[in-house]
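Text of the file input-v1.cif, holding mmCIF, C-alpha atoms:
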```
data_target
loop_
_atom_site.label_atom_id
_atom_site.label_comp_id
_atom_site.auth_asym_id
_atom_site.auth_seq_id
_atom_site.Cartn_x
_atom_site.Cartn_y
_atom_site.Cartn_z
CA MET A 1 -13.56 -0.49 -7.27
CA GLU A 2 -9.92 -1.47 -7.58
CA LEU A 3 -7.91 -0.49 -10.63
CA THR A 4 -6.32 -3.36 -12.56
CA ARG A 5 -4.43 -4.10 -15.74
CA PRO A 6 -6.60 -4.81 -18.80
CA ASP A 7 -6.17 -8.57 -18.18
CA GLY A 8 -7.50 -8.17 -14.63
CA SER A 9 -4.15 -8.67 -12.87
CA PRO A 10 -2.99 -6.19 -10.19
CA LEU A 11 -1.36 -2.94 -11.26
CA ARG A 12 2.37 -2.77 -10.65
CA VAL A 13 3.94 0.27 -9.00
CA LEU A 14 7.66 0.92 -8.46
CA VAL A 15 8.46 3.13 -5.43
CA VAL A 16 11.85 4.86 -5.53
CA ASP A 17 13.12 6.79 -2.48
CA ASP A 18 16.47 6.68 -0.67
CA GLU A 19 14.68 7.20 2.67
CA VAL A 20 13.81 3.58 3.44
CA ASN A 21 11.08 4.42 5.97
CA ILE A 22 9.27 6.61 3.42
CA ALA A 23 9.61 3.96 0.69
CA GLU A 24 8.18 1.30 3.03
CA LEU A 25 5.30 3.49 4.18
CA VAL A 26 4.35 4.38 0.60
CA SER A 27 4.70 0.73 -0.48
CA MET A 28 2.39 -0.41 2.32
CA ALA A 29 -0.23 2.19 1.39
CA LEU A 30 -0.15 1.09 -2.25
CA ARG A 31 -0.39 -2.61 -1.35
CA TYR A 32 -3.45 -1.66 0.71
CA GLU A 33 -4.99 -0.55 -2.61
CA GLY A 34 -4.46 -4.08 -3.94
CA TRP A 35 -1.49 -3.19 -6.14
CA GLN A 36 1.75 -5.12 -6.60
CA VAL A 37 4.67 -3.03 -5.34
CA GLU A 38 8.47 -3.11 -5.59
CA ALA A 39 10.78 -0.61 -3.89
CA ALA A 40 14.25 0.70 -4.81
CA TYR A 41 16.49 3.04 -2.83
CA THR A 42 18.91 4.20 -5.55
CA GLY A 43 18.58 5.34 -9.15
CA SER A 44 20.60 2.44 -10.56
CA LYS A 45 18.53 -0.12 -8.63
CA ALA A 46 15.34 1.57 -9.82
CA VAL A 47 16.35 1.33 -13.48
CA ALA A 48 17.37 -2.33 -13.09
CA THR A 49 14.17 -3.21 -11.19
CA ALA A 50 11.98 -1.51 -13.80
CA LYS A 51 13.39 -3.75 -16.55
CA ASP A 52 12.30 -6.93 -14.76
CA PHE A 53 9.21 -5.65 -12.91
CA ARG A 54 7.78 -3.63 -15.84
CA PRO A 55 5.75 -1.25 -13.65
CA ASP A 56 2.52 0.45 -14.72
CA ALA A 57 3.53 3.57 -12.78
CA VAL A 58 6.44 4.92 -10.70
CA VAL A 59 6.55 6.98 -7.51
CA LEU A 60 9.96 8.64 -7.89
CA ASP A 61 11.99 10.75 -5.47
CA VAL A 62 13.82 13.57 -7.25
CA MET A 63 16.87 13.47 -4.94
CA LEU A 64 18.69 10.11 -4.99
CA PRO A 65 22.22 9.23 -3.83
CA ASP A 66 23.64 8.18 -7.22
CA PHE A 67 21.76 10.09 -9.93
CA ASP A 68 18.60 12.17 -9.76
CA GLY A 69 15.02 11.19 -10.49
CA LEU A 70 14.97 13.03 -13.82
CA GLU A 71 17.80 10.81 -15.08
CA VAL A 72 16.07 7.70 -13.70
CA LEU A 73 12.93 8.65 -15.61
CA ARG A 74 14.87 9.35 -18.82
CA ARG A 75 16.41 5.85 -18.68
CA MET A 76 13.10 4.14 -17.87
CA ARG A 77 11.33 5.93 -20.69
CA THR A 78 13.76 4.56 -23.29
CA SER A 79 11.93 1.23 -22.98
CA ASP A 80 8.50 2.54 -21.89
CA PRO A 81 7.93 6.02 -23.37
CA ASP A 82 4.50 6.51 -21.75
CA LEU A 83 5.30 5.29 -18.23
CA PRO A 84 3.23 7.40 -15.73
CA VAL A 85 5.33 8.99 -12.97
CA VAL A 86 4.62 10.90 -9.76
CA PHE A 87 7.68 12.80 -8.50
CA LEU A 88 8.36 13.19 -4.76
CA THR A 89 10.49 16.12 -3.68
CA ALA A 90 11.37 18.09 -0.58
CA ARG A 91 11.62 21.22 -2.72
CA ASP A 92 8.65 23.23 -3.88
CA ALA A 93 10.40 25.68 -6.17
CA VAL A 94 8.54 26.58 -9.36
CA GLU A 95 11.65 25.79 -11.46
CA ASP A 96 11.77 22.26 -10.03
CA ARG A 97 8.10 21.71 -10.75
CA ILE A 98 8.49 22.84 -14.35
CA ALA A 99 11.70 20.82 -14.82
CA GLY A 100 10.02 17.66 -13.54
CA LEU A 101 6.89 18.00 -15.61
CA THR A 102 8.73 18.94 -18.80
CA ALA A 103 11.02 15.93 -18.29
CA GLY A 104 7.89 13.85 -18.57
CA GLY A 105 6.82 13.47 -14.97
CA ASP A 106 3.04 13.41 -14.91
CA ASP A 107 2.51 14.75 -11.41
CA TYR A 108 4.42 16.23 -8.52
CA VAL A 109 3.96 15.83 -4.73
CA THR A 110 6.01 17.85 -2.26
CA LYS A 111 7.25 16.37 1.02
CA PRO A 112 5.81 16.17 3.55
CA PHE A 113 2.78 14.69 1.79
CA SER A 114 -0.25 12.69 2.89
CA LEU A 115 -0.46 9.07 1.77
CA GLU A 116 -4.10 9.63 0.81
CA GLU A 117 -3.13 12.47 -1.54
CA LEU A 118 -0.37 10.43 -3.15
CA VAL A 119 -2.65 7.43 -3.69
CA ALA A 120 -5.37 9.68 -5.16
CA ARG A 121 -2.89 11.28 -7.59
CA LEU A 122 -1.60 7.86 -8.61
CA ARG A 123 -5.10 6.47 -9.15
CA GLY A 124 -5.94 9.43 -11.38
CA LEU A 125 -2.75 8.99 -13.39
CA MET A 126 -3.29 5.29 -13.96
CA ARG A 127 -6.93 5.78 -14.90
CA ARG A 128 -5.85 8.25 -17.55
CA ALA A 129 -3.21 5.76 -18.69
CA GLY A 130 -5.90 3.16 -19.32
CA ALA A 131 -6.11 1.09 -16.14
CA GLN A 132 -9.37 -0.80 -15.84
CA GLN A 133 -11.94 -0.61 -13.08
CA ALA A 134 -12.00 -4.12 -11.64
CA GLN A 135 -15.42 -5.70 -11.88
CA SER A 136 -14.48 -8.33 -9.35
CA SER A 137 -16.17 -8.93 -6.04
CA SER A 138 -15.55 -6.65 -3.09
CA VAL A 139 -15.12 -9.74 -0.90
CA LEU A 140 -11.72 -10.43 0.67
CA VAL A 141 -11.04 -14.10 1.40
CA VAL A 142 -8.27 -15.59 3.54
CA GLY A 143 -8.74 -19.29 4.30
CA ASP A 144 -12.29 -19.74 5.65
CA LEU A 145 -12.54 -16.05 6.64
CA GLU A 146 -14.52 -13.68 4.40
CA LEU A 147 -15.00 -9.91 4.57
CA ASP A 148 -17.29 -7.92 2.28
CA GLU A 149 -15.90 -4.39 1.89
CA ASP A 150 -19.22 -3.04 0.57
CA SER A 151 -21.74 -4.57 3.00
CA HIS A 152 -19.26 -4.79 5.93
CA GLU A 153 -20.34 -8.38 6.55
CA VAL A 154 -17.75 -10.75 8.02
CA SER A 155 -17.97 -14.52 8.40
CA ARG A 156 -15.72 -17.44 9.23
CA ALA A 157 -16.59 -20.94 7.99
CA GLY A 158 -20.01 -19.52 7.09
CA GLU A 159 -20.69 -18.22 10.60
CA GLU A 160 -21.48 -14.50 10.72
CA ILE A 161 -19.24 -12.32 12.93
CA SER A 162 -20.27 -8.90 14.23
CA LEU A 163 -17.47 -6.29 14.38
CA THR A 164 -17.25 -2.65 15.44
CA ALA A 165 -16.13 -0.11 12.82
CA THR A 166 -12.55 -0.07 14.16
CA GLU A 167 -12.37 -3.87 14.41
CA PHE A 168 -13.59 -4.07 10.81
CA GLU A 169 -10.89 -1.64 9.57
CA LEU A 170 -8.20 -3.54 11.46
CA LEU A 171 -9.35 -6.88 10.02
CA ARG A 172 -9.59 -5.41 6.52
CA PHE A 173 -5.97 -4.20 6.75
CA LEU A 174 -4.82 -7.63 7.96
CA MET A 175 -6.78 -9.40 5.20
CA ARG A 176 -5.42 -7.11 2.49
CA ASN A 177 -1.92 -8.15 3.59
CA PRO A 178 -2.21 -11.90 4.31
CA ARG A 179 0.95 -13.68 5.51
CA ARG A 180 2.68 -10.28 5.78
CA VAL A 181 3.99 -9.24 9.20
CA LEU A 182 2.54 -5.81 10.03
CA SER A 183 4.16 -3.68 12.73
CA LYS A 184 2.19 -1.74 15.33
CA ALA A 185 3.35 1.50 13.69
CA GLN A 186 2.03 0.40 10.28
CA ILE A 187 -1.29 -0.64 11.80
CA LEU A 188 -1.62 2.66 13.69
CA ASP A 189 -0.92 4.63 10.53
CA ARG A 190 -3.41 2.77 8.32
CA VAL A 191 -6.22 2.03 10.80
CA TRP A 192 -6.09 5.04 13.14
CA ASN A 193 -4.40 7.46 10.68
CA TYR A 194 -2.10 8.98 13.27
CA ASP A 195 0.69 8.00 15.62
CA PHE A 196 -0.31 7.23 19.22
CA GLY A 197 3.32 7.68 20.30
CA GLY A 198 3.75 5.64 23.47
CA GLN A 199 0.20 4.32 23.30
CA ALA A 200 0.79 1.57 20.74
CA ASN A 201 -0.92 -0.79 23.21
CA VAL A 202 -4.19 0.30 21.57
CA VAL A 203 -3.18 -2.08 18.76
CA GLU A 204 -2.69 -4.94 21.24
CA LEU A 205 -6.10 -4.15 22.72
CA TYR A 206 -7.92 -4.28 19.37
CA ILE A 207 -6.00 -7.36 18.25
CA SER A 208 -7.26 -9.07 21.43
CA TYR A 209 -10.86 -7.95 20.66
CA LEU A 210 -10.51 -9.31 17.13
CA ARG A 211 -9.05 -12.64 18.31
CA LYS A 212 -12.02 -13.19 20.63
CA LYS A 213 -14.38 -12.84 17.66
CA ILE A 214 -12.34 -14.40 14.85
CA ASP A 215 -10.28 -17.10 16.57
CA ALA A 216 -12.33 -18.07 19.65
CA GLY A 217 -12.90 -21.84 19.65
CA ARG A 218 -11.20 -22.21 16.26
CA GLU A 219 -7.71 -22.69 14.82
CA PRO A 220 -6.07 -19.24 15.26
CA MET A 221 -5.49 -17.04 12.20
CA ILE A 222 -4.05 -13.95 13.93
CA HIS A 223 -0.50 -14.55 15.15
CA THR A 224 1.89 -12.40 17.18
CA MET A 225 5.44 -12.21 15.84
CA ARG A 226 7.38 -11.17 18.93
CA GLY A 227 9.18 -7.88 18.44
CA ALA A 228 7.88 -7.54 14.87
CA GLY A 229 4.10 -7.24 14.85
CA TYR A 230 1.13 -9.32 13.76
CA VAL A 231 0.32 -11.58 10.82
CA LEU A 232 -2.94 -13.04 9.54
CA LYS A 233 -2.76 -16.36 7.72
CA PRO A 234 -5.18 -19.20 6.89
CA ALA A 235 -5.62 -21.83 9.58
CA PRO A 236 -4.24 -25.26 8.63
CA GLY A 237 -6.77 -27.13 6.52
CA ALA A 238 -8.94 -24.05 5.92
#
```

So, in terms of structure tokens, how does the structure I just supplied come out?
Amino acid sequence: MELTRPDGSPLRVLVVDDEVNIAELVSMALRYEGWQVEAAYTGSKAVATAKDFRPDAVVLDVMLPDFDGLEVLRRMRTSDPDLPVVFLTARDAVEDRIAGLTAGGDDYVTKPFSLEELVARLRGLMRRAGAQQAQSSSVLVVGDLELDEDSHEVSRAGEEISLTATEFELLRFLMRNPRRVLSKAQILDRVWNYDFGGQANVVELYISYLRKKIDAGREPMIHTMRGAGYVLKPAPGA
């Protein structure tokens, strides 16, 4: 079950880290959970973004180029005193941990961390903060393509499609990020959970398998963006 706001809309998470690749990786993992995500790479940008975005939780790097995460949190909490926060830090000193938690940070993850651990900590925080378990369907829909995350059934225009476990995970990732260009590296990380190094052609291989089952004889939904990755979008008229 996905977590949502009380009105059923997606939870909003602000990711703050001056290492752009880390911020993007974390953002992608959180979007995969169905959450709405914004990223900021400096403390000042984080504070400004929080005012407009009004996040339900923040993933906050302690070390930032302008001012540190503790100061960012202090400023955010002037307008939202109960804002849940998970700190990211490269340091694991006991003093840092105590300083972060006493400053109001609700949890603490030390780099390097696993995305699964971070997501689990964040889910727990937001549950305690009153996020709702979504009672909505487990079915993802993009155009005339449907995927049931519980039963693992897939169909297009009502016609059932049989997928292997890996094909299903790849399609689920594409459908959770419709119209978003996903790089081979992002796909490897989320679908295969590790980096194949020079063997990124495994993504090309499975995309070709998926195309034969999803797009064969129909308007294509899976598109190659040369040099960037792949994108899934509804076929015209679907």

Which residues are near segment 110-116 of chain A? Cut-off 9 Å, all atoms listed in the file, ignore same chain within fewer than 4 positions. Put them as a ChimeraX atom specification.
/A:25-26,29-30,87-92,120-121

At a cut-off of 12 Å, using only C-alpha atoms, what residues contact Asp215 of chain A? Leave out same-chain residues fewer than 3 positions from it and give the result as a PDB file with C-alpha atoms, keeping the file's coordinate frame.
```pdb
ATOM      1  CA  ASP A 144     -12.290 -19.740   5.650  1.00  0.00           C
ATOM      2  CA  LEU A 145     -12.540 -16.050   6.640  1.00  0.00           C
ATOM      3  CA  SER A 155     -17.970 -14.520   8.400  1.00  0.00           C
ATOM      4  CA  ARG A 156     -15.720 -17.440   9.230  1.00  0.00           C
ATOM      5  CA  ALA A 157     -16.590 -20.940   7.990  1.00  0.00           C
ATOM      6  CA  ILE A 161     -19.240 -12.320  12.930  1.00  0.00           C
ATOM      7  CA  ILE A 207      -6.000  -7.360  18.250  1.00  0.00           C
ATOM      8  CA  SER A 208      -7.260  -9.070  21.430  1.00  0.00           C
ATOM      9  CA  TYR A 209     -10.860  -7.950  20.660  1.00  0.00           C
ATOM     10  CA  LEU A 210     -10.510  -9.310  17.130  1.00  0.00           C
ATOM     11  CA  ARG A 211      -9.050 -12.640  18.310  1.00  0.00           C
ATOM     12  CA  LYS A 212     -12.020 -13.190  20.630  1.00  0.00           C
ATOM     13  CA  ARG A 218     -11.200 -22.210  16.260  1.00  0.00           C
ATOM     14  CA  GLU A 219      -7.710 -22.690  14.820  1.00  0.00           C
ATOM     15  CA  PRO A 220      -6.070 -19.240  15.260  1.00  0.00           C
ATOM     16  CA  MET A 221      -5.490 -17.040  12.200  1.00  0.00           C
ATOM     17  CA  ILE A 222      -4.050 -13.950  13.930  1.00  0.00           C
ATOM     18  CA  HIS A 223      -0.500 -14.550  15.150  1.00  0.00           C
ATOM     19  CA  LEU A 232      -2.940 -13.040   9.540  1.00  0.00           C
ATOM     20  CA  LYS A 233      -2.760 -16.360   7.720  1.00  0.00           C
ATOM     21  CA  PRO A 234      -5.180 -19.200   6.890  1.00  0.00           C
ATOM     22  CA  ALA A 235      -5.620 -21.830   9.580  1.00  0.00           C
TER      23      ALA A 235
END
```

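The space separating atom CA of Val37 of chain A from atom CA of Glu24 of chain A comes to 10.1 Å.
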
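In this structure, atom CA of Leu64 of chain A sits 13.4 Å away from atom CA of Ala39 of chain A.
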
Return as an NGL selection string the set of residues that the PyMOL selection byres ((chain A and resi 13) around 9) yields on the displayed structure.
:A and (11-12 or 14-15 or 27 or 30 or 35-39 or 53-59)

Centre, x/y/z edge lengths, axis-aligned box for segment 22-25 of chain A with 6 Å per side, as AutoDock Vina command-line options:
```
--center_x 7.5 --center_y 4.0 --center_z 2.4 --size_x 16.3 --size_y 17.3 --size_z 15.5
```

Which is closest to Ser162 of chain A among A:Leu122, A:Ile214, A:Val191, A:Val141, if we use only C-alpha atoms?
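Checking each of A:Leu122, A:Ile214, A:Val191, A:Val141 against Ser162 of chain A, counting only C-alpha atoms, the winner is A:Ile214.
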
For the PyMOL selection byres ((chain A and resi 169) around 10), applied here, can you spell out every residue it catches as an MDAnalysis selection string?
chainID A and resid 149 152 163:168 170:175 187 190:192

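The gap separating atom CA of Asp107 of chain A from atom CA of Val85 of chain A is 6.6 Å, in Å to one decimal.
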